[in-house]
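This report refers to the structure that appears directly beneath it.
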Amino acid sequence: MGTDRLHPHTVQLTLNSQRKSSEQARRHLLCSRCEQCLNQNGEKWVLDKCYRGQGRFRLRSELRKKSPLSGCEIEAYAASDEEAARLAYFCLSVVWRASLCDWFCRGETYEQIDLGRYQEDIRKYMKGDAGAPCRVGVMVMLSALERPKLEMCLPLRYREDSYHCYRFHIPGVTFVATVGGTEEDRISVLQPPHPILIGTMGDKRAQDEMMLLLGKTPPRGFEAPLVDGTEKG
């Protein structure tokens, strides 16, 4: 993101540097037919619906026209079949590509993640040779901030309860792919009622990650106030 007229360059934050550039993480990996499939089945739709700056957040606006799901601790809505399919496909395609090899951007190496046996299950799903993989979930959380931050990150791997988790952000949206564990307690847009959450948990995670990269570690027990994104007019 950040390559339009108002945001010609992004800032890459790492533990070692801060660099401003329009360069993106790229690898010559897939054939043009596969790239087109990924674009048409997920990328194009998601990038149109995510937060685009200047108050444009189509997916959140469309969801809030519906009645929220009852019994949820936070704001949540049932995704349509298309919304669920596009979001899940996009999330799993990003995580799957991150598992194929190391990625390089602006002098930094981002090591490939390990999906284990689920890598092949996800590949078959994306190719259309199989349905949604068993014991694989996709949690989607939209930012509740008036102005979400225009930021993104490559998938981060961690363990939570019985799941292996892979989290990444794009403007206004946090995705968490989960593999393993049990189906019963999984929050996933792949399973009825196909929930999409709206809150600030994803924003908090993203802000904490940014602060760590900037070398700012808050004292134990202190929670940094959540800050809206800033945009140039």
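All residue names refer to the structure tokens as shown: chains lettered A, B, ... in order, residues numbered from 1 in each chain, ligands numbered from 1 in order.
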Name the residues in contact with Gly128 in chain A at a cut-off of 12 Å, using only C-alpha atoms, excluding same-chain residues fewer than 6 positions from it; report them as a tab-separated table (two decimals) with N, CA and C atoms, in the first residue's frame.
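The resulting file, result01.tsv, is shown below:
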chain	number	residue	atom	x	y	z
A	34	CYS	N	-1.31	-18.47	-12.66
A	34	CYS	CA	-1.54	-18.59	-11.22
A	34	CYS	C	-1.65	-17.22	-10.57
A	37	CYS	N	-5.02	-15.89	-11.17
A	37	CYS	CA	-6.00	-16.58	-10.32
A	37	CYS	C	-6.02	-15.97	-8.92
A	38	LEU	N	-4.85	-15.73	-8.35
A	38	LEU	CA	-4.77	-15.12	-7.02
A	38	LEU	C	-5.38	-13.73	-7.02
A	41	ASN	N	-9.40	-13.99	-7.61
A	41	ASN	CA	-10.15	-14.66	-6.55
A	41	ASN	C	-10.06	-13.99	-5.19
A	89	TYR	N	-9.82	-16.57	0.86
A	89	TYR	CA	-8.89	-16.89	-0.22
A	89	TYR	C	-7.68	-15.95	-0.17
A	121	ASP	N	-2.61	-28.69	1.55
A	121	ASP	CA	-4.06	-28.57	1.63
A	121	ASP	C	-4.52	-27.19	1.15
A	122	ILE	N	-3.77	-26.16	1.55
A	122	ILE	CA	-4.12	-24.80	1.15
A	122	ILE	C	-3.88	-24.61	-0.34
Using only C-alpha atoms, tabulate the residues of range 52-121 of chain A lying at most 9 Å from any atom of range 138-146 of chain A, each with its closest atom pair and that distance in Å to one decimal, by chain and increasing residue number, as a Markdown table.
| residue | atom | partner | partner_atom | distance |
| --- | --- | --- | --- | --- |
| A:Gly55 | CA | A:Glu146 | CA | 7.5 |
| A:Leu59 | CA | A:Leu142 | CA | 8.6 |
| A:Arg60 | CA | A:Leu142 | CA | 7.0 |
| A:Ala76 | CA | A:Met141 | CA | 8.9 |
| A:Leu87 | CA | A:Val140 | CA | 7.7 |
| A:Ala88 | CA | A:Val138 | CA | 5.9 |
| A:Cys91 | CA | A:Val138 | CA | 7.1 |
| A:Leu92 | CA | A:Val138 | CA | 7.7 |
Practice task
Enumerate the residues of chain A with a DSSP assignment of strand (DSSP E or B), computed from the backbone, and present them as a PyMOL selection string.
Solution key: chain A and resi 10-13+18-21+51+57+75-78+103-105+108-110+136-143+156-160+163-170+173-180+195-199
Practice task
Name the residues in contact with Glu83 in chain A at a cut-off of 12 Å, using only C-alpha atoms, excluding same-chain residues fewer than 2 positions from it; report them as a ChimeraX atom specification.
Solution key: /A:41-42,45-46,49-50,58-60,62-63,77-81,85-90,140,189-190,194-196
Produce a file of the selected residues containing C-alpha atoms, as a PDB file, in the first residue's frame.
ATOM      1  CA  ASN A  41     -10.155 -14.664  -6.555  1.00  0.00           C
ATOM      2  CA  GLY A  42      -8.961 -12.480  -3.707  1.00  0.00           C
ATOM      3  CA  TRP A  45     -11.619  -7.582  -4.327  1.00  0.00           C
ATOM      4  CA  VAL A  46      -9.913  -7.218  -0.930  1.00  0.00           C
ATOM      5  CA  LYS A  49     -12.783  -3.167   0.069  1.00  0.00           C
ATOM      6  CA  CYS A  50     -10.061  -2.488   2.664  1.00  0.00           C
ATOM      7  CA  ARG A  58     -16.135  -0.046   1.787  1.00  0.00           C
ATOM      8  CA  LEU A  59     -16.227  -3.394   3.567  1.00  0.00           C
ATOM      9  CA  ARG A  60     -16.866  -1.874   6.996  1.00  0.00           C
ATOM     10  CA  GLU A  62     -21.313  -2.392   3.875  1.00  0.00           C
ATOM     11  CA  LEU A  63     -21.241  -4.638   6.949  1.00  0.00           C
ATOM     12  CA  TYR A  77     -21.462  -9.337  11.370  1.00  0.00           C
ATOM     13  CA  ALA A  78     -22.255 -12.375   9.248  1.00  0.00           C
ATOM     14  CA  ALA A  79     -20.330 -12.202   5.973  1.00  0.00           C
ATOM     15  CA  SER A  80     -22.054 -12.935   2.695  1.00  0.00           C
ATOM     16  CA  ASP A  81     -20.859 -15.961   0.740  1.00  0.00           C
ATOM     17  CA  ALA A  85     -14.846 -16.558   0.093  1.00  0.00           C
ATOM     18  CA  ARG A  86     -12.803 -13.544  -1.049  1.00  0.00           C
ATOM     19  CA  LEU A  87     -11.405 -12.747   2.392  1.00  0.00           C
ATOM     20  CA  ALA A  88     -10.483 -16.349   3.180  1.00  0.00           C
ATOM     21  CA  TYR A  89      -8.889 -16.886  -0.222  1.00  0.00           C
ATOM     22  CA  PHE A  90      -6.835 -13.707   0.066  1.00  0.00           C
ATOM     23  CA  VAL A 140     -10.908 -11.332   9.957  1.00  0.00           C
ATOM     24  CA  VAL A 189     -14.997 -16.688   8.361  1.00  0.00           C
ATOM     25  CA  LEU A 190     -14.913 -20.130   6.710  1.00  0.00           C
ATOM     26  CA  HIS A 194     -19.014 -16.556   8.780  1.00  0.00           C
ATOM     27  CA  PRO A 195     -18.227 -13.797  11.320  1.00  0.00           C
ATOM     28  CA  ILE A 196     -16.301 -10.653  10.531  1.00  0.00           C
TER      29      ILE A 196
END
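What separates CA of Met210 in chain A from CA of Pro155 in chain A is a distance of 14.2 Å.
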Handout entry: Residue contacts of Arg123 in chain A (12 Å, only C-alpha atoms) excluding same-chain residues fewer than 2 positions away, as a list in words
Key = Cys34, Leu38, Tyr89, Leu92, Ser93, Val94, Val95, Trp96, Arg97, Ser99, Leu100, Leu115, Arg117, Tyr118, Gln119, Glu120, Asp121, Tyr125, Met126, Lys127, Gly128, Asp129, Ala130, Gly131, Ala132 and Pro133 of chain A
Would you export the selected residues with N, CA and C atoms as an mmCIF file, in the first residue's frame, please?
data_model
loop_
_atom_site.group_PDB
_atom_site.id
_atom_site.type_symbol
_atom_site.label_atom_id
_atom_site.label_comp_id
_atom_site.auth_asym_id
_atom_site.auth_seq_id
_atom_site.Cartn_x
_atom_site.Cartn_y
_atom_site.Cartn_z
ATOM 1 N N CYS A 34 -1.314 -18.470 -12.663
ATOM 2 C CA CYS A 34 -1.545 -18.594 -11.219
ATOM 3 C C CYS A 34 -1.649 -17.216 -10.566
ATOM 4 N N LEU A 38 -4.849 -15.731 -8.351
ATOM 5 C CA LEU A 38 -4.775 -15.125 -7.020
ATOM 6 C C LEU A 38 -5.377 -13.728 -7.019
ATOM 7 N N TYR A 89 -9.823 -16.575 0.862
ATOM 8 C CA TYR A 89 -8.889 -16.886 -0.222
ATOM 9 C C TYR A 89 -7.681 -15.952 -0.172
ATOM 10 N N LEU A 92 -5.375 -16.811 2.963
ATOM 11 C CA LEU A 92 -4.622 -18.053 2.814
ATOM 12 C C LEU A 92 -3.615 -17.975 1.678
ATOM 13 N N SER A 93 -3.914 -17.187 0.641
ATOM 14 C CA SER A 93 -2.945 -17.042 -0.448
ATOM 15 C C SER A 93 -1.705 -16.292 0.021
ATOM 16 N N VAL A 94 -1.879 -15.285 0.878
ATOM 17 C CA VAL A 94 -0.736 -14.541 1.409
ATOM 18 C C VAL A 94 0.110 -15.444 2.304
ATOM 19 N N VAL A 95 -0.540 -16.169 3.191
ATOM 20 C CA VAL A 95 0.184 -17.050 4.111
ATOM 21 C C VAL A 95 0.871 -18.179 3.352
ATOM 22 N N TRP A 96 0.185 -18.736 2.353
ATOM 23 C CA TRP A 96 0.785 -19.824 1.567
ATOM 24 C C TRP A 96 2.040 -19.353 0.837
ATOM 25 N N ARG A 97 1.978 -18.177 0.224
ATOM 26 C CA ARG A 97 3.158 -17.663 -0.483
ATOM 27 C C ARG A 97 4.307 -17.386 0.488
ATOM 28 N N SER A 99 5.032 -19.138 2.901
ATOM 29 C CA SER A 99 5.593 -20.426 3.320
ATOM 30 C C SER A 99 6.471 -21.070 2.259
ATOM 31 N N LEU A 100 6.520 -20.491 1.053
ATOM 32 C CA LEU A 100 7.231 -21.128 -0.052
ATOM 33 C C LEU A 100 8.719 -20.835 -0.065
ATOM 34 N N LEU A 115 4.166 -24.051 7.351
ATOM 35 C CA LEU A 115 2.769 -24.475 7.433
ATOM 36 C C LEU A 115 2.612 -25.974 7.615
ATOM 37 N N ARG A 117 2.047 -29.785 7.049
ATOM 38 C CA ARG A 117 1.233 -30.521 6.058
ATOM 39 C C ARG A 117 0.082 -29.691 5.512
ATOM 40 N N TYR A 118 -0.227 -28.577 6.172
ATOM 41 C CA TYR A 118 -1.344 -27.750 5.702
ATOM 42 C C TYR A 118 -0.979 -26.941 4.457
ATOM 43 N N GLN A 119 0.301 -26.843 4.155
ATOM 44 C CA GLN A 119 0.703 -26.107 2.960
ATOM 45 C C GLN A 119 0.073 -26.702 1.709
ATOM 46 N N GLU A 120 0.115 -28.020 1.580
ATOM 47 C CA GLU A 120 -0.443 -28.681 0.405
ATOM 48 C C GLU A 120 -1.964 -28.589 0.396
ATOM 49 N N ASP A 121 -2.606 -28.694 1.553
ATOM 50 C CA ASP A 121 -4.063 -28.567 1.627
ATOM 51 C C ASP A 121 -4.516 -27.186 1.152
ATOM 52 N N TYR A 125 -6.763 -26.010 -2.234
ATOM 53 C CA TYR A 125 -7.934 -25.140 -2.072
ATOM 54 C C TYR A 125 -7.848 -23.934 -2.995
ATOM 55 N N MET A 126 -6.688 -23.298 -3.037
ATOM 56 C CA MET A 126 -6.536 -22.117 -3.880
ATOM 57 C C MET A 126 -6.631 -22.461 -5.365
ATOM 58 N N LYS A 127 -6.157 -23.631 -5.726
ATOM 59 C CA LYS A 127 -6.206 -24.041 -7.128
ATOM 60 C C LYS A 127 -7.609 -24.468 -7.550
ATOM 61 N N GLY A 128 -8.473 -24.727 -6.568
ATOM 62 C CA GLY A 128 -9.817 -25.166 -6.885
ATOM 63 C C GLY A 128 -9.970 -26.669 -6.946
ATOM 64 N N ASP A 129 -8.933 -27.404 -6.521
ATOM 65 C CA ASP A 129 -8.980 -28.862 -6.551
ATOM 66 C C ASP A 129 -9.615 -29.458 -5.305
ATOM 67 N N ALA A 130 -9.874 -28.633 -4.284
ATOM 68 C CA ALA A 130 -10.463 -29.120 -3.036
ATOM 69 C C ALA A 130 -11.205 -27.976 -2.360
ATOM 70 N N GLY A 131 -12.092 -28.332 -1.438
ATOM 71 C CA GLY A 131 -12.804 -27.319 -0.673
ATOM 72 C C GLY A 131 -11.938 -26.728 0.410
ATOM 73 N N ALA A 132 -12.555 -25.964 1.305
ATOM 74 C CA ALA A 132 -11.812 -25.338 2.391
ATOM 75 C C ALA A 132 -11.102 -26.406 3.214
ATOM 76 N N PRO A 133 -9.822 -26.240 3.516
ATOM 77 C CA PRO A 133 -9.062 -27.263 4.238
ATOM 78 C C PRO A 133 -9.613 -27.492 5.644
#
Problem - Those in range 53-191 of chain A with helix (DSSP H, G or I) from DSSP, as number ranges by chain - result: A: 58-63, 81-98, 118-127
Exercise for the section: Please provide the set of residues having any atom within 10 Å of range 157-166 of chain A, restricted to only C-alpha atoms, with same-chain residues fewer than 4 positions apart removed, written as a PyMOL selection string. Expected result: chain A and resi 91-92+94-95+98+112-115+135-138+175-182+186
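In this model, the gap between CA of Glu75 in chain A and CA of Ile198 in chain A comes to 5.3 Å.
Between CA of Ser61 in chain A and CA of Met211 in chain A lies a distance of 29.3 Å.
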